[in-house]
Amino acid sequence: MDDYRRLADRIADDIATGRLRPGERLPPQRAFARRRGIAGSTAGRVYGELVRRGLVVGEVGRGTFVRAAPPAPGGRALAEPVTGGMAARSDTPVNLELNYPSAPGQSELLAPALAPLLRPDVLTEALRPAPATGTARARAAVAGLLATPGWRPDPDGVLFAGNARQAIAASLASLVRPGGRVGVEALTYPLVKEIAVRLGITLVPLAMDRDGLRPDALAAAHRTAPLSALYVQPTLHNPTSVTMGEERKRELARVVRELGVPVVEDRIWSFLRDATGTTGTTGTTGTTASGEPLAAHVPELAHVVDGLSKRVAPGLTVGFLVVPPDRAEAVAAAVRSGGWSAGRFALEAGVRWVEDGTVARLVAAKRLDAALRQRLLARELAEFGGAVRSDPYAYYAWWELPASWRADTFTAAAAVHGIAVTPGDAFAVGPQRAPDAVRLGLASAPEADLVRALRTLAAIARRGRTGR
């Protein structure tokens with residue numbers, strides 16, 4: 001075996017046994033070569049081999065660091081004592097990647113609507129496949145659920161899928177042929193990247209600012225090569241929490257209409273905005289950010305995606321699509337051909353929850369919960385100021401890390417303490433360098449665990465890599 005590979009094997013063994021921990025910095029290649037009595041070129045090949053194996057990451061001018069790895073069972077958890085007393089013992093890691101909100105007493109609220117479905121005569125019908133068009137009752141219920149003061153969807157344009165992810169896939173599959181180009185925000189929902197790979201389409205990153213997607217970036221990308229569609233999250237963008245102001249929505253709608261580009265508008269988190277759509281946040285233009293959809297400004301091109309997974313629960317959910325009338329059959333065909341149809345049992349349960357007010361009660365409770373968790377976030381990460389970007393009602397935050405940290409190594413350091421966060425490259429589209437930022441999902445962790453996790457993350461960020 002080549003000498004450089006034997007040396008790489010030794011370092012790999014140190015990583016596997018924990019002698020080198022996630023986030024730990026390796027010595028500069030020149031120092032490594034002197035220490036081992038080898039040529040500098042051989043040291044470069046060792047480090048290159050470790051990168052190839054996915055064990056380390058390196059960046060010119062910043063160093064080479066051990067990549068994050070899943071914490072071993074029984075290993076360090078959130079509260080295990082570490083240098084500086086950052087935490088105390090805990091057996092349960094805290095996952096701030098997952099983001100499924102749950103309201104107190106949620107199961108008790110959901111159960112009554114399910115009981116009638118378990119009667120044999122009703123259950124027989126509920127277990128049959130559901131068409132993409134659902135039922136007239138379901139379409140009316142969802143049209144009412146999704147309505148805002150400035151927009152009410154036509155029930156005849158409502159379709160159903162198994163969940164919101166499948167609704168996105170069906171919309172894109174109906175609009176874009178393999179090889180086609182779809183514009184997306186430069187930071188986008190990670191599963192859209194997976195959907196694009198499976199459909200054989202190319203995602204084109206579009207620049208954003210503090211008001212969201214820039215209309216001029218859309219126009220420039222379309223001039224370079226025509227876009228078949230645009231996927232966008234105007235309300236509570238994931239991961240940055242930005243909500244477009246009305247001025248930005250009108251300008252984006254104008255450009256979309258001029259270009260004739262169909263839009264897939266993802267509104268899965270929009271329910272967290274209040275009834276009037278105003279939460280006190282503003283964009284750079286000074287206009288109040290609104291929960292009114294982009295579809296209200298360009299209904300002839302908009303394909304609105306939403307669902308019950310965040311409003312209710314991820315285990316029994318339905319995805320919604322609101323499409324222009326002339327697109328309904330094409331999108332329904334995509335739902336059928338992709339195998340993305342909603343289950344009738346879930347559809348029937350969801351309709352009952354909408355009609356009896358259960359969904360409205362859960363939404364009200366989750367808005368309060370999200371606001372509480374945002375206050376905890378603001379308190380625990382106050383010292384980092386504007387680097388922590390969020391919305392007072394969002395269930396996540398985008399943290400632009402201190403200069404001493406890379407996203408990958410911060411994620412690794414957090415994992416050592418049993419905390420899972422999502423690095424910026426999970427959201428980045430295209431070949432450009434991912435931002436040194438992490439997304440913090442606030443919804444899933446119990447409140448006390450969330451507070452401890454945020455304090456630990458603050459301590460990690462504060463000390464930087466130099467204290468390692």
# chains A, B, ... in the order shown; residues from 1 in each chain; ligands from 1
>>> residues_around(residues="Ile460 (chain A)", least_positions_apart="4", cutoff="8 Å", atoms="only C-alpha atoms", output="ChimeraX atom specification")
/A:410,413-414,456,464
>>> residues_around(residues="Leu259 (chain A)", least_positions_apart="5", cutoff="10 Å", atoms="only C-alpha atoms", output="list in words")
Leu218, Ala219, His222, Arg223, Pro226, Leu227, Ala253 and Arg254 of chain A
>>> write_last_selection(atoms="N, CA and C atoms", output="mmCIF file, in the first residue's frame")
data_model
loop_
_atom_site.group_PDB
_atom_site.id
_atom_site.type_symbol
_atom_site.label_atom_id
_atom_site.label_comp_id
_atom_site.auth_asym_id
_atom_site.auth_seq_id
_atom_site.Cartn_x
_atom_site.Cartn_y
_atom_site.Cartn_z
ATOM 1 N N LEU A 218 -34.525 36.968 -11.172
ATOM 2 C CA LEU A 218 -35.381 36.089 -11.975
ATOM 3 C C LEU A 218 -35.311 36.480 -13.446
ATOM 4 N N ALA A 219 -35.434 37.763 -13.726
ATOM 5 C CA ALA A 219 -35.408 38.219 -15.119
ATOM 6 C C ALA A 219 -34.070 37.918 -15.773
ATOM 7 N N HIS A 222 -33.722 34.198 -16.587
ATOM 8 C CA HIS A 222 -34.583 33.817 -17.708
ATOM 9 C C HIS A 222 -34.002 34.292 -19.043
ATOM 10 N N ARG A 223 -33.324 35.435 -19.023
ATOM 11 C CA ARG A 223 -32.680 35.918 -20.238
ATOM 12 C C ARG A 223 -31.513 35.021 -20.635
ATOM 13 N N PRO A 226 -34.220 30.230 -20.947
ATOM 14 C CA PRO A 226 -35.588 30.272 -20.413
ATOM 15 C C PRO A 226 -35.809 29.316 -19.242
ATOM 16 N N LEU A 227 -36.534 29.814 -18.260
ATOM 17 C CA LEU A 227 -36.935 29.000 -17.117
ATOM 18 C C LEU A 227 -38.313 28.396 -17.390
ATOM 19 N N ALA A 253 -44.584 39.587 -9.079
ATOM 20 C CA ALA A 253 -45.719 39.169 -9.905
ATOM 21 C C ALA A 253 -45.661 39.826 -11.279
ATOM 22 N N ARG A 254 -45.258 41.095 -11.318
ATOM 23 C CA ARG A 254 -45.157 41.798 -12.608
ATOM 24 C C ARG A 254 -44.126 41.130 -13.511
#
>>> closest_atom_pairs(of="region 124-170 of chain A", to="region 293-317 of chain A", cutoff="7 Å", atoms="only C-alpha atoms", output="CSV")
residue,atom,partner,partner_atom,distance
A:Gly150,CA,A:Ala296,CA,6.9
A:Trp151,CA,A:Ala296,CA,5.5
A:Gly162,CA,A:Thr317,CA,6.9
A:Asn163,CA,A:Thr317,CA,6.0
A:Ala164,CA,A:Gly307,CA,5.3
A:Ala167,CA,A:Val305,CA,6.3
A:Ile168,CA,A:Val305,CA,6.5
>>> closest_atom_pairs(of="region 299-395 of chain A", to="region 242-248 of chain A", cutoff="10 Å", atoms="only C-alpha atoms", output="Markdown table")
| residue | atom | partner | partner_atom | distance |
| --- | --- | --- | --- | --- |
| A:Arg389 | CA | A:Val242 | CA | 8.5 |
| A:Ser390 | CA | A:Val242 | CA | 7.2 |
| A:Asp391 | CA | A:Val242 | CA | 7.1 |
| A:Ala394 | CA | A:Val242 | CA | 9.4 |
>>> write_last_selection(atoms="N, CA and C atoms", output="short mmCIF file (atom, residue, chain, number, x, y, z; two decimals), in the first residue's frame")
data_model
loop_
_atom_site.label_atom_id
_atom_site.label_comp_id
_atom_site.auth_asym_id
_atom_site.auth_seq_id
_atom_site.Cartn_x
_atom_site.Cartn_y
_atom_site.Cartn_z
N ARG A 389 -31.16 35.52 12.39
CA ARG A 389 -32.27 36.08 11.61
C ARG A 389 -33.49 35.19 11.76
N SER A 390 -34.62 35.81 12.09
CA SER A 390 -35.83 35.02 12.24
C SER A 390 -37.03 35.95 12.18
N ASP A 391 -38.20 35.36 12.39
CA ASP A 391 -39.47 36.07 12.43
C ASP A 391 -40.10 35.78 13.78
N ALA A 394 -41.98 32.43 13.57
CA ALA A 394 -41.45 31.28 12.85
C ALA A 394 -41.02 30.19 13.83
#
>>> residues_around(residues="Ala12 (chain A)", least_positions_apart="4", cutoff="10 Å", atoms="only C-alpha atoms", output="ChimeraX atom specification")
/A:6-8,16-20,50,53,55-56,66
>>> write_last_selection(atoms="C-alpha atoms", output="compact mmCIF listing (two decimals), in the first residue's frame")
# COMPACT_ATOMS: atom_id res chain seq x y z
CA ARG A 6 -1.16 4.04 5.34
CA LEU A 7 -0.87 7.44 7.00
CA ALA A 8 -4.44 8.26 5.99
CA ALA A 16 -13.15 6.26 14.25
CA THR A 17 -11.96 5.66 17.83
CA GLY A 18 -12.66 9.23 18.96
CA ARG A 19 -9.03 10.29 19.47
CA LEU A 20 -9.82 12.94 16.89
CA LEU A 50 -9.01 11.95 3.91
CA ARG A 53 -13.11 9.45 2.10
CA LEU A 55 -13.59 12.19 6.88
CA VAL A 56 -12.37 15.78 6.85
CA VAL A 66 -12.73 16.49 11.13
>>> atom_distance(atom1="CA of Val331 (chain A)", atom2="CA of Ser171 (chain A)")
6.0 Å
>>> closest_residue(among="A:Leu440, A:Ala43, A:Ala173, A:Leu109", to="Val354 (chain A)", atoms="only C-alpha atoms")
A:Leu109
>>> decode(residues="region 206-218 of chain A", atoms="N, CA and C atoms", output="JSON list (two decimals), in the first residue's frame")
[["chain", "number", "residue", "atom", "x", "y", "z"],
["A", 206, "LEU", "N", -31.36, 31.84, -7.52],
["A", 206, "LEU", "CA", -31.67, 33.25, -7.74],
["A", 206, "LEU", "C", -31.35, 34.05, -6.49],
["A", 207, "ALA", "N", -30.72, 35.18, -6.68],
["A", 207, "ALA", "CA", -30.27, 35.99, -5.55],
["A", 207, "ALA", "C", -31.43, 36.47, -4.70],
["A", 208, "MET", "N", -31.17, 36.61, -3.40],
["A", 208, "MET", "CA", -32.14, 37.10, -2.44],
["A", 208, "MET", "C", -31.56, 38.32, -1.73],
["A", 209, "ASP", "N", -32.43, 39.09, -1.11],
["A", 209, "ASP", "CA", -32.02, 40.11, -0.17],
["A", 209, "ASP", "C", -32.94, 40.02, 1.04],
["A", 210, "ARG", "N", -32.97, 41.03, 1.86],
["A", 210, "ARG", "CA", -33.75, 40.93, 3.10],
["A", 210, "ARG", "C", -35.25, 41.01, 2.86],
["A", 211, "ASP", "N", -35.67, 41.22, 1.61],
["A", 211, "ASP", "CA", -37.09, 41.16, 1.25],
["A", 211, "ASP", "C", -37.44, 39.85, 0.56],
["A", 212, "GLY", "N", -36.45, 38.98, 0.39],
["A", 212, "GLY", "CA", -36.71, 37.71, -0.28],
["A", 212, "GLY", "C", -36.14, 37.67, -1.69],
["A", 213, "LEU", "N", -36.74, 36.87, -2.55],
["A", 213, "LEU", "CA", -36.27, 36.69, -3.92],
["A", 213, "LEU", "C", -36.27, 38.02, -4.67],
["A", 214, "ARG", "N", -35.18, 38.30, -5.39],
["A", 214, "ARG", "CA", -35.07, 39.54, -6.16],
["A", 214, "ARG", "C", -35.66, 39.36, -7.56],
["A", 215, "PRO", "N", -36.65, 40.14, -7.93],
["A", 215, "PRO", "CA", -37.23, 40.01, -9.26],
["A", 215, "PRO", "C", -36.22, 40.19, -10.39],
["A", 216, "ASP", "N", -35.23, 41.09, -10.20],
["A", 216, "ASP", "CA", -34.24, 41.29, -11.26],
["A", 216, "ASP", "C", -33.40, 40.04, -11.47],
["A", 217, "ALA", "N", -33.17, 39.25, -10.41],
["A", 217, "ALA", "CA", -32.42, 38.01, -10.55],
["A", 217, "ALA", "C", -33.21, 37.00, -11.37],
["A", 218, "LEU", "N", -34.52, 36.97, -11.17],
["A", 218, "LEU", "CA", -35.38, 36.09, -11.97],
["A", 218, "LEU", "C", -35.31, 36.48, -13.45]]
